[in-house]
Amino acid sequence: MVTDGQERVQPSGVWATAVGVARVRALETERANPLFRDPLAQAFAAAGGLWPSSSPLPDGDEEARRRRLAVSFSIVIRTKFLDDLLQQACASGVRQVVLLGAGMDSRAFRMDWPEGTRLFEVDTAAPLDFKASVLRQERAVARCERITVAVDLREDWPDALAAAGHDLAAPTIWIAEGLLIYLPQDAVELLLARISAQSAPGSRMGLTLGSPGVIERFGADAAPGSAASMWVSEMPDDPVGWLAGHGWEADCHTLRERAAAYGRPISTPPQREERPGGLVSAVRR
Ligand SMILES: C[S@@+](CC[C@H](N)C(=O)[O-])C[C@H]1O[C@@H](n2cnc3c(N)ncnc32)[C@H](O)[C@@H]1O
């Protein structure tokens, strides 16, 4: 696709999942009484070829349809959870936001930010370029100071973030939404250690973690190239203890509990034990 006389890079590999997430947010935005509004999401989905429809499922594949709905539902609930967490962090005085694996997250454009807020979006170059071209097309204007940092999170991203102006002395709220499930366990550990090393007292964190068994249930027969086919890590057995080991005091929630709190209760009974942990908020001790 050509935009502004430039070729727009098309979604591929792991970052294509970010456009799928945008499609889900666009659908939520169209609902009556949405849990959030994301006015840019539709443009991201359309630019990635996922609007108005995404890839069709084989006829009669009820199981695949059910799984797709479940993933979409979890994206809506986690978005609301992290929107609330960001607002709470701002209310507590935090003015530095880092979105790790930011993808098509448009919070810089759709949320109200206190004066002086700096928001860093960290992702690889291709999704950030794609995003920039859609933002230009939509003439989108950020509602805070927005800084993009193109780097692979398995590489030396702390230096890249510092070079972009991240202030180690000021508290930060870190968001890793829909990210950790794509990183192998050793990369998740390293990421947590690096976040912790750059978190001044009063820093906060919002994480989403794959619930136990989700890779086997969703990933085993997932279509090649689909999001679930790229999932590699789930949450540890004891997420609170795991984060305490990294110096964080964490609160863990289930999707079911948050969904009920937001007025979108899950009507089907749990098919297995649901341990808290998929949606995590944490404060630096
Ligand atoms: C499912 S998307 C979620 C995007 C965004 N956090 C959201 O919820 O809208 C996962 C994102 O993580 C990014 N990602 C995955 N692995 C990464 C890595 N090693 N370095 C940087 N970004 C990565 C992808 O490019 C993609 O944008």
# chains A, B, ... in the order shown; residues from 1 in each chain; ligands from 1
$ residues_near_ligand --ligand "ligand 1" --cutoff "8 Å" --atoms "only C-alpha atoms and all ligand atoms" --output "ChimeraX atom specification"
/A:14-22,75,79,99-106,122-124,126-127,150-155,175-180,182-183,227
$ select_by_dssp --residues "region 124-264 of chain A" --states "strand (DSSP E or B)" --output "list in words"
Glu145, Arg146, Ile147, Thr148, Val149, Ala150, Ile173, Trp174, Ile175, Ala176, Arg204, Met205, Gly206, Leu207, Thr208, Trp248, Glu249, Ala250, Asp251, Cys252 and His253 of chain A
$ residues_around --residues "region 249-257 of chain A" --least-positions-apart "2" --cutoff "6 Å" --atoms "only C-alpha atoms" --output "list in words"
Val240, Ala244, Ala259, Ala260, Pro276, Gly277, Gly278, Leu279, Val280, Ser281, Ala282 and Val283 of chain A
$ write_last_selection --atoms "all heavy atoms" --output "PDB file, in the first residue's frame"
ATOM      1  N   VAL A 240       2.566 -13.628  42.549  1.00  0.00           N
ATOM      2  CA  VAL A 240       2.847 -12.640  43.600  1.00  0.00           C
ATOM      3  C   VAL A 240       4.265 -12.854  44.140  1.00  0.00           C
ATOM      4  O   VAL A 240       5.054 -11.903  44.290  1.00  0.00           O
ATOM      5  CB  VAL A 240       1.795 -12.731  44.734  1.00  0.00           C
ATOM      6  CG1 VAL A 240       2.188 -11.843  45.914  1.00  0.00           C
ATOM      7  CG2 VAL A 240       0.415 -12.320  44.204  1.00  0.00           C
ATOM      8  N   ALA A 244       7.456 -10.445  43.883  1.00  0.00           N
ATOM      9  CA  ALA A 244       8.106 -10.033  45.141  1.00  0.00           C
ATOM     10  C   ALA A 244       9.611 -10.244  45.015  1.00  0.00           C
ATOM     11  O   ALA A 244      10.414  -9.411  45.469  1.00  0.00           O
ATOM     12  CB  ALA A 244       7.538 -10.820  46.310  1.00  0.00           C
ATOM     13  N   ALA A 259     -14.051  -9.047  34.712  1.00  0.00           N
ATOM     14  CA  ALA A 259     -15.182  -8.929  33.784  1.00  0.00           C
ATOM     15  C   ALA A 259     -16.468  -8.664  34.568  1.00  0.00           C
ATOM     16  O   ALA A 259     -17.270  -7.795  34.185  1.00  0.00           O
ATOM     17  CB  ALA A 259     -15.305 -10.201  32.949  1.00  0.00           C
ATOM     18  N   ALA A 260     -16.654  -9.367  35.685  1.00  0.00           N
ATOM     19  CA  ALA A 260     -17.854  -9.159  36.507  1.00  0.00           C
ATOM     20  C   ALA A 260     -17.845  -7.736  37.068  1.00  0.00           C
ATOM     21  O   ALA A 260     -18.866  -7.041  37.068  1.00  0.00           O
ATOM     22  CB  ALA A 260     -17.907 -10.193  37.623  1.00  0.00           C
ATOM     23  N   PRO A 276      -5.784 -16.676  40.323  1.00  0.00           N
ATOM     24  CA  PRO A 276      -5.557 -15.267  40.025  1.00  0.00           C
ATOM     25  C   PRO A 276      -4.204 -15.081  39.361  1.00  0.00           C
ATOM     26  O   PRO A 276      -3.291 -15.866  39.613  1.00  0.00           O
ATOM     27  CB  PRO A 276      -5.568 -14.586  41.399  1.00  0.00           C
ATOM     28  CG  PRO A 276      -6.039 -15.603  42.365  1.00  0.00           C
ATOM     29  CD  PRO A 276      -5.879 -16.947  41.759  1.00  0.00           C
ATOM     30  N   GLY A 277      -4.058 -14.092  38.548  1.00  0.00           N
ATOM     31  CA  GLY A 277      -2.724 -13.836  38.020  1.00  0.00           C
ATOM     32  C   GLY A 277      -2.661 -13.308  36.620  1.00  0.00           C
ATOM     33  O   GLY A 277      -1.690 -12.695  36.233  1.00  0.00           O
ATOM     34  N   GLY A 278      -3.704 -13.530  35.828  1.00  0.00           N
ATOM     35  CA  GLY A 278      -3.632 -13.106  34.440  1.00  0.00           C
ATOM     36  C   GLY A 278      -3.501 -11.598  34.282  1.00  0.00           C
ATOM     37  O   GLY A 278      -2.837 -11.117  33.373  1.00  0.00           O
ATOM     38  N   LEU A 279      -4.140 -10.860  35.192  1.00  0.00           N
ATOM     39  CA  LEU A 279      -4.107  -9.394  35.145  1.00  0.00           C
ATOM     40  C   LEU A 279      -3.429  -8.912  36.418  1.00  0.00           C
ATOM     41  O   LEU A 279      -3.935  -9.117  37.514  1.00  0.00           O
ATOM     42  CB  LEU A 279      -5.535  -8.838  35.052  1.00  0.00           C
ATOM     43  CG  LEU A 279      -6.310  -9.270  33.805  1.00  0.00           C
ATOM     44  CD1 LEU A 279      -7.785  -8.892  33.923  1.00  0.00           C
ATOM     45  CD2 LEU A 279      -5.710  -8.645  32.551  1.00  0.00           C
ATOM     46  N   VAL A 280      -2.285  -8.279  36.254  1.00  0.00           N
ATOM     47  CA  VAL A 280      -1.439  -7.959  37.412  1.00  0.00           C
ATOM     48  C   VAL A 280      -1.211  -6.460  37.511  1.00  0.00           C
ATOM     49  O   VAL A 280      -0.877  -5.814  36.508  1.00  0.00           O
ATOM     50  CB  VAL A 280      -0.064  -8.661  37.249  1.00  0.00           C
ATOM     51  CG1 VAL A 280       0.838  -8.337  38.435  1.00  0.00           C
ATOM     52  CG2 VAL A 280      -0.224 -10.162  37.096  1.00  0.00           C
ATOM     53  N   SER A 281      -1.372  -5.946  38.731  1.00  0.00           N
ATOM     54  CA  SER A 281      -0.908  -4.576  38.990  1.00  0.00           C
ATOM     55  C   SER A 281       0.124  -4.676  40.101  1.00  0.00           C
ATOM     56  O   SER A 281       0.009  -5.531  40.988  1.00  0.00           O
ATOM     57  CB  SER A 281      -2.063  -3.665  39.400  1.00  0.00           C
ATOM     58  OG  SER A 281      -2.548  -4.027  40.668  1.00  0.00           O
ATOM     59  N   ALA A 282       1.136  -3.847  40.053  1.00  0.00           N
ATOM     60  CA  ALA A 282       2.201  -3.961  41.048  1.00  0.00           C
ATOM     61  C   ALA A 282       2.780  -2.589  41.348  1.00  0.00           C
ATOM     62  O   ALA A 282       2.753  -1.690  40.502  1.00  0.00           O
ATOM     63  CB  ALA A 282       3.293  -4.888  40.526  1.00  0.00           C
ATOM     64  N   VAL A 283       3.276  -2.460  42.584  1.00  0.00           N
ATOM     65  CA  VAL A 283       3.922  -1.224  43.025  1.00  0.00           C
ATOM     66  C   VAL A 283       5.332  -1.586  43.477  1.00  0.00           C
ATOM     67  O   VAL A 283       5.545  -2.605  44.119  1.00  0.00           O
ATOM     68  CB  VAL A 283       3.128  -0.572  44.200  1.00  0.00           C
ATOM     69  CG1 VAL A 283       3.808   0.700  44.662  1.00  0.00           C
ATOM     70  CG2 VAL A 283       1.692  -0.293  43.790  1.00  0.00           C
TER      71      VAL A 283
END
$ residues_around --residues "Cys144 (chain A)" --least-positions-apart "4" --cutoff "9 Å" --atoms "only C-alpha atoms" --output "NGL selection string"
:A and (108-109 or 112-119)
$ write_last_selection --atoms "all heavy atoms" --output "mmCIF file, in the first residue's frame"
data_model
loop_
_atom_site.group_PDB
_atom_site.id
_atom_site.type_symbol
_atom_site.label_atom_id
_atom_site.label_comp_id
_atom_site.auth_asym_id
_atom_site.auth_seq_id
_atom_site.Cartn_x
_atom_site.Cartn_y
_atom_site.Cartn_z
ATOM 1 N N ALA A 108 -1.908 7.246 24.135
ATOM 2 C CA ALA A 108 -1.357 8.614 24.093
ATOM 3 C C ALA A 108 -2.356 9.579 23.459
ATOM 4 O O ALA A 108 -2.345 10.775 23.754
ATOM 5 C CB ALA A 108 -0.052 8.622 23.303
ATOM 6 N N PHE A 109 -3.224 9.040 22.597
ATOM 7 C CA PHE A 109 -4.145 9.877 21.828
ATOM 8 C C PHE A 109 -5.558 9.878 22.395
ATOM 9 O O PHE A 109 -6.337 10.780 22.119
ATOM 10 C CB PHE A 109 -4.201 9.373 20.365
ATOM 11 C CG PHE A 109 -2.859 9.379 19.704
ATOM 12 C CD1 PHE A 109 -1.986 8.296 19.845
ATOM 13 C CD2 PHE A 109 -2.432 10.481 18.975
ATOM 14 C CE1 PHE A 109 -0.729 8.308 19.265
ATOM 15 C CE2 PHE A 109 -1.177 10.500 18.387
ATOM 16 C CZ PHE A 109 -0.313 9.409 18.534
ATOM 17 N N ASP A 112 -6.938 11.065 28.801
ATOM 18 C CA ASP A 112 -6.578 12.379 29.352
ATOM 19 C C ASP A 112 -5.328 12.211 30.193
ATOM 20 O O ASP A 112 -5.281 11.334 31.056
ATOM 21 C CB ASP A 112 -7.703 12.907 30.256
ATOM 22 C CG ASP A 112 -8.904 13.313 29.429
ATOM 23 O OD1 ASP A 112 -8.714 13.756 28.286
ATOM 24 O OD2 ASP A 112 -10.026 13.149 29.934
ATOM 25 N N TRP A 113 -4.334 13.049 29.966
ATOM 26 C CA TRP A 113 -3.073 12.948 30.708
ATOM 27 C C TRP A 113 -2.806 14.244 31.452
ATOM 28 O O TRP A 113 -3.024 15.322 30.896
ATOM 29 C CB TRP A 113 -1.910 12.680 29.741
ATOM 30 C CG TRP A 113 -2.071 11.404 28.995
ATOM 31 C CD1 TRP A 113 -2.506 11.251 27.718
ATOM 32 C CD2 TRP A 113 -1.823 10.090 29.501
ATOM 33 N NE1 TRP A 113 -2.543 9.916 27.385
ATOM 34 C CE2 TRP A 113 -2.123 9.178 28.462
ATOM 35 C CE3 TRP A 113 -1.372 9.583 30.730
ATOM 36 C CZ2 TRP A 113 -1.999 7.795 28.614
ATOM 37 C CZ3 TRP A 113 -1.244 8.205 30.876
ATOM 38 C CH2 TRP A 113 -1.554 7.340 29.832
ATOM 39 N N PRO A 114 -2.305 14.138 32.673
ATOM 40 C CA PRO A 114 -1.948 15.367 33.383
ATOM 41 C C PRO A 114 -0.797 16.077 32.667
ATOM 42 O O PRO A 114 0.016 15.429 31.992
ATOM 43 C CB PRO A 114 -1.491 14.884 34.765
ATOM 44 C CG PRO A 114 -1.782 13.436 34.845
ATOM 45 C CD PRO A 114 -2.038 12.922 33.462
ATOM 46 N N GLU A 115 -0.773 17.368 32.841
ATOM 47 C CA GLU A 115 0.322 18.202 32.323
ATOM 48 C C GLU A 115 1.667 17.562 32.684
ATOM 49 O O GLU A 115 1.853 17.097 33.815
ATOM 50 C CB GLU A 115 0.173 19.564 33.034
ATOM 51 C CG GLU A 115 1.147 20.615 32.648
ATOM 52 C CD GLU A 115 0.635 21.424 31.468
ATOM 53 O OE1 GLU A 115 -0.588 21.507 31.279
ATOM 54 O OE2 GLU A 115 1.500 21.960 30.763
ATOM 55 N N GLY A 116 2.580 17.548 31.755
ATOM 56 C CA GLY A 116 3.928 17.065 32.055
ATOM 57 C C GLY A 116 4.116 15.566 31.870
ATOM 58 O O GLY A 116 5.205 15.044 32.108
ATOM 59 N N THR A 117 3.061 14.858 31.411
ATOM 60 C CA THR A 117 3.206 13.409 31.225
ATOM 61 C C THR A 117 4.049 13.122 29.982
ATOM 62 O O THR A 117 3.830 13.705 28.919
ATOM 63 C CB THR A 117 1.826 12.738 31.071
ATOM 64 O OG1 THR A 117 1.044 13.026 32.217
ATOM 65 C CG2 THR A 117 1.964 11.223 30.894
ATOM 66 N N ARG A 118 5.025 12.222 30.147
ATOM 67 C CA ARG A 118 5.827 11.754 29.008
ATOM 68 C C ARG A 118 5.524 10.279 28.832
ATOM 69 O O ARG A 118 5.616 9.500 29.790
ATOM 70 C CB ARG A 118 7.327 11.928 29.280
ATOM 71 C CG ARG A 118 7.692 13.306 29.753
ATOM 72 C CD ARG A 118 9.198 13.420 29.882
ATOM 73 N NE ARG A 118 9.787 13.674 28.580
ATOM 74 C CZ ARG A 118 11.068 13.442 28.274
ATOM 75 N NH1 ARG A 118 11.875 12.917 29.176
ATOM 76 N NH2 ARG A 118 11.543 13.746 27.098
ATOM 77 N N LEU A 119 5.193 9.884 27.607
ATOM 78 C CA LEU A 119 4.798 8.503 27.341
ATOM 79 C C LEU A 119 5.710 7.914 26.268
ATOM 80 O O LEU A 119 5.799 8.458 25.172
ATOM 81 C CB LEU A 119 3.323 8.470 26.910
ATOM 82 C CG LEU A 119 2.704 7.115 26.609
ATOM 83 C CD1 LEU A 119 1.199 7.139 26.932
ATOM 84 C CD2 LEU A 119 2.911 6.682 25.159
#
$ residues_around --residues "region 197-199 of chain A" --least-positions-apart "3" --cutoff "9 Å" --atoms "only C-alpha atoms" --output "compact mmCIF listing (two decimals) with N, CA and C atoms, in the first residue's frame"
# COMPACT_ATOMS: atom_id res chain seq x y z
N PRO A 158 17.16 -0.90 27.64
CA PRO A 158 17.28 0.17 28.66
C PRO A 158 18.14 1.33 28.17
N ASP A 167 13.73 9.07 32.49
CA ASP A 167 14.41 9.58 33.68
C ASP A 167 14.37 8.52 34.78
N LEU A 168 15.53 7.96 35.07
CA LEU A 168 15.63 6.89 36.07
C LEU A 168 15.23 7.34 37.47
N ALA A 169 15.36 8.62 37.72
CA ALA A 169 15.10 9.13 39.08
C ALA A 169 13.61 9.35 39.33
N ALA A 170 12.82 9.40 38.28
CA ALA A 170 11.38 9.66 38.44
C ALA A 170 10.60 8.35 38.35
N PRO A 171 9.51 8.22 39.12
CA PRO A 171 8.74 6.98 39.02
C PRO A 171 8.13 6.79 37.64
N THR A 172 7.99 5.54 37.28
CA THR A 172 7.47 5.18 35.95
C THR A 172 6.32 4.22 36.13
N ILE A 173 5.31 4.30 35.27
CA ILE A 173 4.39 3.17 35.17
C ILE A 173 4.70 2.41 33.89
N TRP A 174 5.00 1.14 34.08
CA TRP A 174 5.35 0.24 32.98
C TRP A 174 4.12 -0.59 32.61
N LEU A 192 11.95 -8.41 33.27
CA LEU A 192 11.53 -7.99 34.61
C LEU A 192 12.69 -7.41 35.41
N ALA A 193 13.85 -8.06 35.28
CA ALA A 193 15.03 -7.58 36.02
C ALA A 193 15.40 -6.18 35.52
N ARG A 194 15.31 -5.96 34.22
CA ARG A 194 15.68 -4.65 33.68
C ARG A 194 14.65 -3.59 34.05
N GLY A 202 7.99 4.21 44.05
CA GLY A 202 6.71 4.78 43.62
C GLY A 202 6.33 4.35 42.20
N SER A 203 7.24 3.61 41.55
CA SER A 203 6.92 3.12 40.21
C SER A 203 5.82 2.06 40.29
N ARG A 204 5.14 1.89 39.18
CA ARG A 204 4.05 0.90 39.11
C ARG A 204 4.19 0.08 37.85
N ARG A 284 6.26 -0.73 43.14
CA ARG A 284 7.67 -0.95 43.50
C ARG A 284 7.84 -0.78 45.00
$ residues_around --residues "region 215-219 of chain A" --least-positions-apart "4" --cutoff "7 Å" --atoms "only C-alpha atoms" --output "PDB file with N, CA, C and O atoms, in the first residue's frame"
ATOM      1  N   ARG A  67     -12.871 -19.905  20.497  1.00  0.00           N
ATOM      2  CA  ARG A  67     -11.548 -19.447  20.961  1.00  0.00           C
ATOM      3  C   ARG A  67     -11.301 -18.001  20.550  1.00  0.00           C
ATOM      4  O   ARG A  67     -10.773 -17.207  21.315  1.00  0.00           O
ATOM      5  N   ALA A 228      -2.060 -17.184  18.511  1.00  0.00           N
ATOM      6  CA  ALA A 228      -1.879 -18.283  19.474  1.00  0.00           C
ATOM      7  C   ALA A 228      -0.730 -19.213  19.062  1.00  0.00           C
ATOM      8  O   ALA A 228      -0.104 -19.838  19.920  1.00  0.00           O
ATOM      9  N   SER A 229      -0.438 -19.273  17.765  1.00  0.00           N
ATOM     10  CA  SER A 229       0.652 -20.161  17.321  1.00  0.00           C
ATOM     11  C   SER A 229       2.015 -19.627  17.765  1.00  0.00           C
ATOM     12  O   SER A 229       3.017 -20.336  17.714  1.00  0.00           O
ATOM     13  N   TRP A 231       2.485 -18.107  20.858  1.00  0.00           N
ATOM     14  CA  TRP A 231       2.557 -18.010  22.318  1.00  0.00           C
ATOM     15  C   TRP A 231       3.582 -18.997  22.860  1.00  0.00           C
ATOM     16  O   TRP A 231       3.585 -20.176  22.468  1.00  0.00           O
TER      17      TRP A 231
END
$ atom_distance --atom1 "CA of Leu27 (chain A)" --atom2 "CA of Ala45 (chain A)"
10.2 Å
$ atom_distance --atom1 "CA of Gly225 (chain A)" --atom2 "CA of Arg65 (chain A)"
16.7 Å
$ select_by_dssp --residues "region 71-249 of chain A" --states "helix (DSSP H, G or I)" --output "VMD selection string"
chain A and resid 71 to 91 107 to 110 125 to 137 157 to 163 180 to 182 185 to 197 214 to 219 227 to 230 239 to 245
$ atom_distance --atom1 "CA of Glu62 (chain A)" --atom2 "CA of Pro11 (chain A)"
26.8 Å
$ closest_residue --among "A:Ile195, A:Leu128, A:Tyr262, A:Pro270" --to "Phe36 (chain A)" --atoms "only C-alpha atoms"
A:Tyr262
$ closest_residue --among "A:Lys80, A:Phe120, A:Leu191, A:Ala43" --to "Asp156 (chain A)" --atoms "only C-alpha atoms"
A:Leu191
$ closest_residue --among "A:Arg37, A:Arg146, A:Arg68, A:Arg139" --to "Val97 (chain A)" --atoms "only C-alpha atoms"
A:Arg146
$ closest_residue --among "A:Glu63, A:Val76, A:Ala220, A:Leu85" --to "Pro34 (chain A)" --atoms "only C-alpha atoms"
A:Val76
